Every structure is written in structure tokens, then in C-alpha cells.
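S.K.: For reference, the file my_file32.txt (compact mmCIF, C-alpha atoms and all ligand atoms) is included below:
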# COMPACT_ATOMS: atom_id res chain seq x y z
CA MET A 1038 21.88 -13.45 7.54
CA ALA A 1039 18.41 -13.91 8.98
CA LEU A 1040 16.92 -11.06 10.99
CA ASP A 1041 16.62 -11.68 14.70
CA ASP A 1042 13.36 -12.73 16.34
CA ALA A 1043 12.56 -9.21 17.51
CA ALA A 1044 12.71 -7.93 13.93
CA LEU A 1045 10.61 -10.84 12.62
CA ASP A 1046 8.04 -10.18 15.34
CA GLN A 1047 7.93 -6.50 14.42
CA LEU A 1048 7.51 -7.18 10.72
CA PHE A 1049 5.19 -10.20 10.85
CA ARG A 1050 4.42 -12.21 13.96
CA GLU A 1051 3.42 -9.43 16.32
CA ALA A 1052 2.45 -6.83 13.72
CA ARG A 1053 -1.28 -6.29 13.48
CA THR A 1054 -3.74 -4.55 11.21
CA GLN A 1055 -4.74 -1.40 13.08
CA ASN A 1056 -8.19 0.10 13.45
CA LYS A 1057 -7.57 2.77 16.11
CA TRP A 1058 -4.77 5.29 16.44
CA THR A 1059 -2.94 7.09 19.21
CA ASP A 1060 -2.45 10.86 19.02
CA GLU A 1061 1.21 10.41 18.03
CA LYS A 1062 1.89 12.24 14.78
CA VAL A 1063 3.64 10.92 11.69
CA THR A 1064 6.11 13.49 10.44
CA ASP A 1065 6.77 14.44 6.85
CA ASP A 1066 10.30 13.12 7.33
CA GLU A 1067 8.86 9.74 8.30
CA ILE A 1068 6.65 9.72 5.20
CA ARG A 1069 9.68 10.44 3.04
CA ALA A 1070 11.69 7.76 4.84
CA LEU A 1071 8.85 5.33 4.22
CA TYR A 1072 8.87 5.93 0.47
CA ASN A 1073 12.65 5.94 0.32
CA LEU A 1074 12.68 2.48 1.91
CA LEU A 1075 9.80 0.83 0.06
CA LYS A 1076 11.06 2.03 -3.35
CA TRP A 1077 13.86 -0.57 -3.16
CA GLY A 1078 11.38 -3.45 -3.28
CA PRO A 1079 11.62 -5.29 -6.61
CA THR A 1080 9.23 -4.83 -9.54
CA SER A 1081 9.26 -6.44 -12.94
CA ALA A 1082 11.70 -4.70 -15.28
CA ASN A 1083 12.09 -2.21 -12.42
CA ALA A 1084 8.93 -0.62 -13.77
CA SER A 1085 7.87 0.79 -10.38
CA PRO A 1086 4.27 1.50 -11.47
CA ALA A 1087 2.87 2.35 -8.02
CA ARG A 1088 2.07 5.90 -7.05
CA PHE A 1089 1.46 6.88 -3.45
CA VAL A 1090 -0.80 9.72 -2.39
CA PHE A 1091 -0.32 10.60 1.27
CA LEU A 1092 -3.19 12.49 2.90
CA ARG A 1093 -2.40 14.06 6.23
CA SER A 1094 -4.65 17.11 6.50
CA GLN A 1095 -8.22 16.58 7.68
CA SER A 1096 -9.56 18.34 4.59
CA SER A 1097 -7.66 16.06 2.23
CA LYS A 1098 -8.85 12.95 4.10
CA GLU A 1099 -12.43 14.22 3.93
CA ARG A 1100 -12.23 14.11 0.15
CA LEU A 1101 -12.15 10.31 0.57
CA LEU A 1102 -15.30 10.11 2.70
CA PRO A 1103 -17.93 9.66 -0.05
CA ALA A 1104 -15.95 6.71 -1.42
CA LEU A 1105 -15.44 4.83 1.86
CA SER A 1106 -17.61 1.98 3.09
CA SER A 1107 -19.31 2.90 6.38
CA GLY A 1108 -17.12 0.53 8.41
CA ASN A 1109 -13.95 2.19 7.14
CA ARG A 1110 -14.88 5.85 7.67
CA ASP A 1111 -14.11 6.58 11.32
CA LYS A 1112 -10.75 4.83 11.45
CA THR A 1113 -9.64 6.48 8.23
CA MET A 1114 -10.58 9.97 9.39
CA ALA A 1115 -8.76 9.30 12.68
CA ALA A 1116 -5.56 7.99 11.07
CA PRO A 1117 -2.61 10.41 11.14
CA VAL A 1118 -1.83 9.60 7.51
CA VAL A 1119 -3.86 7.88 4.83
CA CYS A 1120 -2.05 6.55 1.78
CA ILE A 1121 -3.85 5.79 -1.47
CA ILE A 1122 -1.89 3.06 -3.24
CA ALA A 1123 -2.41 3.68 -6.93
CA HIS A 1124 -0.63 2.86 -10.15
CA ASP A 1125 0.06 4.86 -13.25
CA PRO A 1126 -1.25 3.09 -16.38
CA LYS A 1127 1.36 5.11 -18.28
CA PHE A 1128 4.16 3.87 -16.01
CA HIS A 1129 6.13 2.82 -19.11
CA GLU A 1130 6.92 6.43 -19.91
CA GLN A 1131 9.51 6.17 -17.12
CA MET A 1132 11.18 3.07 -18.58
CA PRO A 1133 14.06 5.01 -20.21
CA LYS A 1134 15.00 6.19 -16.72
CA LEU A 1135 14.22 2.98 -14.86
CA PHE A 1136 15.54 0.38 -17.34
CA PRO A 1137 18.08 2.41 -19.34
CA HIS A 1138 20.17 -0.53 -20.55
CA VAL A 1139 17.24 -1.65 -22.74
CA PRO A 1140 16.38 1.45 -24.75
CA ASN A 1141 13.19 -0.02 -26.21
CA ALA A 1142 11.79 -1.47 -22.95
CA LYS A 1143 8.93 1.02 -23.14
CA ASP A 1144 7.73 -0.66 -26.33
CA TRP A 1145 7.03 -3.94 -24.48
CA PHE A 1146 4.16 -2.13 -22.82
CA THR A 1147 3.00 0.26 -25.52
CA SER A 1148 2.61 -2.74 -27.85
CA SER A 1149 0.46 -4.74 -25.41
CA GLU A 1150 -2.26 -3.08 -23.36
CA LYS A 1151 -2.81 -6.42 -21.57
CA LEU A 1152 0.82 -6.70 -20.48
CA ALA A 1153 0.83 -3.05 -19.41
CA GLN A 1154 -2.29 -3.48 -17.27
CA GLU A 1155 -1.09 -6.73 -15.70
CA THR A 1156 2.30 -5.25 -14.96
CA ALA A 1157 0.85 -2.11 -13.42
CA PHE A 1158 -1.60 -3.97 -11.18
CA ARG A 1159 0.71 -6.82 -10.15
CA ASN A 1160 3.68 -4.64 -9.34
CA GLY A 1161 1.63 -1.79 -7.92
CA THR A 1162 0.06 -4.25 -5.49
CA LEU A 1163 3.49 -5.60 -4.56
CA GLN A 1164 4.68 -2.07 -3.89
CA GLY A 1165 1.68 -1.52 -1.62
CA ALA A 1166 2.77 -4.58 0.35
CA TYR A 1167 6.30 -3.21 0.52
CA LEU A 1168 4.81 -0.04 2.01
CA ILE A 1169 3.10 -2.02 4.78
CA LEU A 1170 6.31 -3.83 5.66
CA ALA A 1171 8.45 -0.69 5.37
CA ALA A 1172 6.06 1.09 7.74
CA ARG A 1173 6.43 -1.71 10.28
CA ALA A 1174 10.20 -1.73 9.85
CA LEU A 1175 10.25 2.01 10.65
CA GLY A 1176 8.18 1.59 13.80
CA LEU A 1177 4.89 2.69 12.26
CA ASP A 1178 1.65 0.73 12.08
CA ALA A 1179 -0.54 0.11 9.07
CA GLY A 1180 -4.23 -0.53 8.44
CA PRO A 1181 -4.77 -1.63 4.85
CA MET A 1182 -8.27 -1.61 3.38
CA SER A 1183 -10.03 -2.12 0.10
CA GLY A 1184 -13.56 -1.33 1.25
CA PHE A 1185 -14.08 1.75 -0.87
CA ASP A 1186 -15.30 2.76 -4.31
CA ASN A 1187 -12.22 2.91 -6.54
CA GLU A 1188 -14.01 4.82 -9.28
CA LYS A 1189 -15.03 7.56 -6.87
CA VAL A 1190 -11.48 7.85 -5.53
CA ASP A 1191 -10.10 7.98 -9.06
CA ALA A 1192 -12.59 10.68 -10.04
CA GLU A 1193 -11.80 12.73 -6.94
CA PHE A 1194 -8.01 12.46 -6.98
CA PHE A 1195 -6.80 11.26 -10.36
CA SER A 1196 -9.09 12.60 -13.08
CA TYR A 1197 -6.39 14.86 -14.48
CA ARG A 1198 -3.59 12.30 -14.63
CA GLY A 1199 -5.30 8.94 -15.03
CA TRP A 1200 -3.81 7.05 -12.10
CA LYS A 1201 -5.85 4.10 -10.80
CA SER A 1202 -6.40 3.48 -7.10
CA ASN A 1203 -5.77 -0.03 -5.82
CA PHE A 1204 -6.11 -0.01 -2.04
CA ILE A 1205 -5.66 2.32 0.91
CA VAL A 1206 -3.32 2.04 3.88
CA ASN A 1207 -3.93 4.01 7.06
CA ILE A 1208 -0.64 4.79 8.79
CA GLY A 1209 0.18 5.89 12.31
CA HIS A 1210 0.78 4.45 15.74
CA GLY A 1211 -1.86 1.86 16.49
CA ASP A 1212 -3.94 1.83 19.64
CA PRO A 1213 -3.97 -1.87 20.60
CA SER A 1214 -7.54 -1.55 21.94
CA GLY A 1215 -8.76 -1.40 18.33
CA VAL A 1216 -7.13 -4.60 17.16
CA PHE A 1217 -9.40 -7.56 16.36
CA PRO A 1218 -8.58 -11.04 17.69
CA ARG A 1219 -5.81 -12.60 15.60
CA LEU A 1220 -7.25 -14.78 12.88
CA PRO A 1221 -5.73 -18.14 11.99
CA ARG A 1222 -3.50 -18.60 8.96
CA LEU A 1223 -3.28 -21.64 6.72
CA THR A 1224 -0.69 -24.21 7.69
CA PHE A 1225 2.26 -24.97 5.44
CA GLU A 1226 0.51 -28.19 4.36
CA GLU A 1227 -2.67 -26.33 3.43
CA ALA A 1228 -1.02 -23.49 1.53
CA CYS A 1229 2.13 -24.94 0.04
CA ASP A 1230 3.36 -27.67 -2.23
CA LEU A 1231 6.96 -28.74 -1.87
CA TYR A 1232 8.28 -30.84 -4.74
C1 LIG B 1301 -5.61 -5.32 0.68
C2 LIG B 1301 -6.33 -5.36 2.00
C3 LIG B 1301 -7.62 -4.89 2.08
C4 LIG B 1301 -8.30 -4.88 3.30
N1 LIG B 1301 -9.54 -4.30 3.37
C5 LIG B 1301 -10.12 -4.10 4.57
C6 LIG B 1301 -11.30 -3.34 4.70
O1 LIG B 1301 -11.84 -2.81 3.72
N2 LIG B 1301 -11.85 -3.16 5.93
C7 LIG B 1301 -11.25 -3.70 7.03
O2 LIG B 1301 -11.79 -3.52 8.13
N3 LIG B 1301 -10.12 -4.43 6.95
C8 LIG B 1301 -9.54 -4.63 5.76
N4 LIG B 1301 -8.34 -5.34 5.66
C9 LIG B 1301 -7.73 -5.87 6.89
C10 LIG B 1301 -7.68 -7.39 6.94
O3 LIG B 1301 -8.91 -7.93 7.29
C11 LIG B 1301 -6.58 -7.79 7.94
O4 LIG B 1301 -5.35 -7.30 7.45
C12 LIG B 1301 -6.46 -9.29 8.14
O5 LIG B 1301 -7.62 -9.80 8.75
C13 LIG B 1301 -5.25 -9.65 8.99
O6 LIG B 1301 -5.28 -8.99 10.23
P1 LIG B 1301 -3.98 -8.95 11.16
O7 LIG B 1301 -2.93 -8.24 10.34
O8 LIG B 1301 -4.37 -8.15 12.37
O9 LIG B 1301 -3.61 -10.35 11.45
C14 LIG B 1301 -7.66 -5.39 4.47
C15 LIG B 1301 -6.35 -5.89 4.36
C16 LIG B 1301 -5.69 -5.87 3.16
C17 LIG B 1301 -4.26 -6.36 3.10
Before we go any further, please render this structure as C-alpha cells.
Ligand SMILES: Cc1cc2nc3c(=O)[nH]c(=O)nc-3n(C[C@H](O)[C@H](O)[C@H](O)COP(=O)(O)O)c2cc1C
M.R.:
Amino acid sequence: MALDDAALDQLFREARTQNKWTDEKVTDDEIRALYNLLKWGPTSANASPARFVFLRSQSSKERLLPALSSGNRDKTMAAPVVCIIAHDPKFHEQMPKLFPHVPNAKDWFTSSEKLAQETAFRNGTLQGAYLILAARALGLDAGPMSGFDNEKVDAEFFSYRGWKSNFIVNIGHGDPSGVFPRLPRLTFEEACDLY
């Protein structure tokens, strides 16, 4: 059954990338609800390689500052929650739990570094997109951004466990005054083939 128009508007047509935030807080329960929704999005072999680091204290957000491009600093510091979307290059260690009916599934990845890297990046990125849509579904707003130095973020947050940052999503309740004019999208004819 298709969702109704109000739901489609909330998820896609009216949802906007946010640059300013109201004072409304995001609770820890909402952060947990967000993960517990997005985790159901599909990944190849259920590998679930994404890792999510939620920063909600000012001091933890400030650890990001040296890595952020100048245009992304103020809105990130002002966001109630900042989520680093990362992936674990050793995600396959969880395969016995996540794909238990194939006991050797882990070997697919330990035997091919290329497959492991592709799987981690592709599915970690997908899971970041699931987070954006899950946030919208729960009545939160998102502001994704990639304008930062990944190596600096990895050194600051992940040196001891080897995770790799992909992109960042600011989360909160958007202040519409910070939204840019809506940009056009490609038409079906421009973006799609239908055979
Ligand atoms: C992965 C990703 C990275 C982005 N990086 C940045 C960024 O570094 N700085 C920024 O201002 N906006 C960034 N954006 C925001 C996009 O420009 C914005 O989502 C797009 O123009 C669509 O805007 P709309 O959702 O309001 O229609 C990023 C978006 C995504 C999904």
C-alpha cells in the first residue's frame, strides 16, 4: 500500500536540507528510535557496515571543528545533534551474527580486500541515506554534508578502532529561514531509461 501524500511530502517532496536549527532539543530516546528504525534498511548480505557516532554535547561537536570547511562550521556547532556516518572496514567480523545461515560468509570479505571495501562504502552510504529518511519519518530534520576532512575526523574519533568516516548529518528541528531555494531535479527522461 502506498503511503499517503502527507507522508510522501514529509519524506521527500517537502523535506529540505536544513542549515539553521530551532532551540528544540533532540532527546536520547529519539536518537535511539532513529537508529532502531534505520537499522532495518537493507544492506548486502545484511552486512550492516555503517557505524553512527552521535555528538550532542558542545565539547564533542567542537572536536569536529578543525576538520570542517568554513561554510559548514556554524550550522554544525548549532545543530542539536551531529551524526558522523562511518563504516567499519572490519564489518565482516559481525557476519556470524548477521548472516548466520552461511557460516563462512565472513570469508567472502577476508579473501577480497576490494570486495570488503566496496561493500563497506556502498552499504555504509546507503545506511546514511536510511538515517536521513528515518529522521524525516520521525519528525526530525536533517542536514547532510561532506565538506570536511575525512582523515582529520578519522584521526580525531576513530584512531583506536579504524572506522572510516563517510559523511556527516546534522539533526534537529530545522528553522525554515535557513533553507536555500529548492533546486531543480532531473526529469524522468533525463535521469532514467525504461526498456
Ligand atoms: C552526502 C551529502 C553531502 C553534502 N555536503 C554538503 C556540504 O558539505 N555543505 C552544504 O552546505 N551542503 C551539503 N549538502 C547539501 C546538499 O547541497 C543538499 O542536500 C541538496 O542541494 C538538496 O537540497 P534540498 O534537500 O533542500 O532540496 C550535502 C548533501 C548530501 C546528501
S.K.: Within 12 Å of stretch 1145-1153 of chain A, counting all atoms listed in the file, which residues show up once you throw out same-chain ones fewer than 2 positions away? Write them as a PyMOL selection string, please.
M.R.: chain A and resi 1081-1082+1084+1086+1124-1132+1136+1139-1143+1155-1161
S.K.: Once you have the residues from the selection above, write them out as a compact mmCIF listing (two decimals), in the frame of the given file, restricted to C-alpha atoms.
M.R.:
# COMPACT_ATOMS: atom_id res chain seq x y z
CA SER A 1081 9.26 -6.44 -12.94
CA ALA A 1082 11.70 -4.70 -15.28
CA ALA A 1084 8.93 -0.62 -13.77
CA PRO A 1086 4.27 1.50 -11.47
CA HIS A 1124 -0.63 2.86 -10.15
CA ASP A 1125 0.06 4.86 -13.25
CA PRO A 1126 -1.25 3.09 -16.38
CA LYS A 1127 1.36 5.11 -18.28
CA PHE A 1128 4.16 3.87 -16.01
CA HIS A 1129 6.13 2.82 -19.11
CA GLU A 1130 6.92 6.43 -19.91
CA GLN A 1131 9.51 6.17 -17.12
CA MET A 1132 11.18 3.07 -18.58
CA PHE A 1136 15.54 0.38 -17.34
CA VAL A 1139 17.24 -1.65 -22.74
CA PRO A 1140 16.38 1.45 -24.75
CA ASN A 1141 13.19 -0.02 -26.21
CA ALA A 1142 11.79 -1.47 -22.95
CA LYS A 1143 8.93 1.02 -23.14
CA GLU A 1155 -1.09 -6.73 -15.70
CA THR A 1156 2.30 -5.25 -14.96
CA ALA A 1157 0.85 -2.11 -13.42
CA PHE A 1158 -1.60 -3.97 -11.18
CA ARG A 1159 0.71 -6.82 -10.15
CA ASN A 1160 3.68 -4.64 -9.34
CA GLY A 1161 1.63 -1.79 -7.92
S.K.: Taking only C-alpha atoms and all ligand atoms into account, which residues are within 7 Å of ligand LIG 1301 (chain B), as an MDAnalysis selection string?
M.R.: chainID A and resid 1052:1055 1108:1109 1180:1185 1204 1216:1217 1219:1220
S.K.: In Å, with one decimal, what is the gap from atom CA of A:Phe1089 to atom CA of A:Trp1077?
M.R.: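 These atoms are spaced 14.5 Å apart.
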S.K.: Quick one: residues within 12 Å of A:Leu1105, only C-alpha atoms, excluding same-chain residues fewer than 5 positions away - as JSON, numbers by chain?
M.R.: {"A": [1098, 1099, 1100, 1110, 1111, 1112, 1113, 1114, 1182, 1183, 1184, 1185, 1186, 1187, 1188, 1189, 1190, 1204, 1205]}
S.K.: What separation in Å, quoted to one decimal, exists between atom CA of A:Gly1211 and atom CA of A:Trp1058?
M.R.: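 Straight-line distance from atom CA of A:Gly1211 to atom CA of A:Trp1058 works out to 4.5 Å.
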S.K.: Which residue, A:Leu1074, A:Pro1221, A:Cys1120, A:Leu1170, has the smallest gap to A:Leu1101 when you use all atoms listed in the file?
M.R.: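 Of A:Leu1074, A:Pro1221, A:Cys1120, A:Leu1170, the one nearest A:Leu1101, counting all atoms listed in the file, is A:Cys1120.
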S.K.: Using Å and a single decimal, report how far atom CA of A:Arg1222 sits from atom CA of A:Val1119.
M.R.: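 We find that atom CA of A:Val1119 and atom CA of A:Arg1222 lie 26.8 Å from each other.
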S.K.: Would you please work out which residue, of A:Leu1231, A:Ala1179, A:Ala1174, A:Ala1104, is nearest to A:Ala1044 when using all atoms listed in the file?
M.R.: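 Distance minimum relative to A:Ala1044 lands on A:Ala1174.
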S.K.: Which residue gives the smallest distance to A:Ile1169 among A:Pro1137, A:Gly1209, A:Pro1079, A:Pro1218, with all atoms listed in the file counted?
M.R.: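 Nearest to A:Ile1169: A:Gly1209.
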S.K.: Between A:Arg1069, A:Glu1051, A:Asp1060, A:Val1206, single out the one closest to A:Ala1115, counting all atoms listed in the file.
M.R.: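 Residue with the minimum atom-to-atom distance to A:Ala1115: A:Asp1060.
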S.K.: Complete the atom set of stretch 1192-1212 of chain A to N, CA and C atoms and return it as a PDB file, keeping the file's coordinate frame.
M.R.:
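Below you can see out01.pdb, which holds the result:
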ATOM      1  N   ALA A1192     -11.979   9.446  -9.539  1.00  0.00           N
ATOM      2  CA  ALA A1192     -12.590  10.680 -10.040  1.00  0.00           C
ATOM      3  C   ALA A1192     -12.187  11.867  -9.166  1.00  0.00           C
ATOM      4  N   GLU A1193     -12.108  11.634  -7.861  1.00  0.00           N
ATOM      5  CA  GLU A1193     -11.800  12.730  -6.940  1.00  0.00           C
ATOM      6  C   GLU A1193     -10.331  13.149  -6.992  1.00  0.00           C
ATOM      7  N   PHE A1194      -9.442  12.154  -7.114  1.00  0.00           N
ATOM      8  CA  PHE A1194      -8.010  12.460  -6.980  1.00  0.00           C
ATOM      9  C   PHE A1194      -7.231  12.386  -8.296  1.00  0.00           C
ATOM     10  N   PHE A1195      -7.684  11.579  -9.238  1.00  0.00           N
ATOM     11  CA  PHE A1195      -6.800  11.260 -10.360  1.00  0.00           C
ATOM     12  C   PHE A1195      -7.358  11.614 -11.731  1.00  0.00           C
ATOM     13  N   SER A1196      -8.452  12.381 -11.771  1.00  0.00           N
ATOM     14  CA  SER A1196      -9.090  12.600 -13.080  1.00  0.00           C
ATOM     15  C   SER A1196      -8.129  13.283 -14.050  1.00  0.00           C
ATOM     16  N   TYR A1197      -7.240  14.113 -13.548  1.00  0.00           N
ATOM     17  CA  TYR A1197      -6.390  14.860 -14.480  1.00  0.00           C
ATOM     18  C   TYR A1197      -5.136  14.116 -14.883  1.00  0.00           C
ATOM     19  N   ARG A1198      -4.801  12.994 -14.206  1.00  0.00           N
ATOM     20  CA  ARG A1198      -3.590  12.300 -14.630  1.00  0.00           C
ATOM     21  C   ARG A1198      -3.765  10.797 -14.819  1.00  0.00           C
ATOM     22  N   GLY A1199      -4.987  10.298 -14.605  1.00  0.00           N
ATOM     23  CA  GLY A1199      -5.300   8.940 -15.030  1.00  0.00           C
ATOM     24  C   GLY A1199      -4.782   7.822 -14.156  1.00  0.00           C
ATOM     25  N   TRP A1200      -4.241   8.132 -12.984  1.00  0.00           N
ATOM     26  CA  TRP A1200      -3.810   7.050 -12.100  1.00  0.00           C
ATOM     27  C   TRP A1200      -5.023   6.246 -11.653  1.00  0.00           C
ATOM     28  N   LYS A1201      -4.772   4.986 -11.244  1.00  0.00           N
ATOM     29  CA  LYS A1201      -5.850   4.100 -10.800  1.00  0.00           C
ATOM     30  C   LYS A1201      -5.589   3.674  -9.358  1.00  0.00           C
ATOM     31  N   SER A1202      -6.562   3.911  -8.492  1.00  0.00           N
ATOM     32  CA  SER A1202      -6.400   3.480  -7.100  1.00  0.00           C
ATOM     33  C   SER A1202      -6.486   1.974  -7.009  1.00  0.00           C
ATOM     34  N   ASN A1203      -5.740   1.409  -6.054  1.00  0.00           N
ATOM     35  CA  ASN A1203      -5.770  -0.030  -5.820  1.00  0.00           C
ATOM     36  C   ASN A1203      -6.330  -0.284  -4.431  1.00  0.00           C
ATOM     37  N   PHE A1204      -5.594   0.087  -3.402  1.00  0.00           N
ATOM     38  CA  PHE A1204      -6.110  -0.010  -2.040  1.00  0.00           C
ATOM     39  C   PHE A1204      -5.573   1.145  -1.215  1.00  0.00           C
ATOM     40  N   ILE A1205      -6.017   1.207   0.032  1.00  0.00           N
ATOM     41  CA  ILE A1205      -5.660   2.320   0.910  1.00  0.00           C
ATOM     42  C   ILE A1205      -4.959   1.745   2.133  1.00  0.00           C
ATOM     43  N   VAL A1206      -3.982   2.458   2.640  1.00  0.00           N
ATOM     44  CA  VAL A1206      -3.320   2.040   3.880  1.00  0.00           C
ATOM     45  C   VAL A1206      -3.338   3.213   4.858  1.00  0.00           C
ATOM     46  N   ASN A1207      -4.019   3.035   5.975  1.00  0.00           N
ATOM     47  CA  ASN A1207      -3.930   4.010   7.060  1.00  0.00           C
ATOM     48  C   ASN A1207      -2.619   3.787   7.797  1.00  0.00           C
ATOM     49  N   ILE A1208      -1.981   4.880   8.196  1.00  0.00           N
ATOM     50  CA  ILE A1208      -0.640   4.790   8.790  1.00  0.00           C
ATOM     51  C   ILE A1208      -0.600   5.655  10.047  1.00  0.00           C
ATOM     52  N   GLY A1209       0.024   5.123  11.077  1.00  0.00           N
ATOM     53  CA  GLY A1209       0.180   5.890  12.310  1.00  0.00           C
ATOM     54  C   GLY A1209       0.761   5.001  13.387  1.00  0.00           C
ATOM     55  N   HIS A1210       0.392   5.305  14.616  1.00  0.00           N
ATOM     56  CA  HIS A1210       0.780   4.450  15.740  1.00  0.00           C
ATOM     57  C   HIS A1210      -0.502   3.841  16.277  1.00  0.00           C
ATOM     58  N   GLY A1211      -0.610   2.530  16.173  1.00  0.00           N
ATOM     59  CA  GLY A1211      -1.860   1.860  16.490  1.00  0.00           C
ATOM     60  C   GLY A1211      -2.164   1.860  17.978  1.00  0.00           C
ATOM     61  N   ASP A1212      -3.452   2.003  18.270  1.00  0.00           N
ATOM     62  CA  ASP A1212      -3.940   1.830  19.640  1.00  0.00           C
ATOM     63  C   ASP A1212      -4.385   0.373  19.744  1.00  0.00           C
TER      64      ASP A1212
END
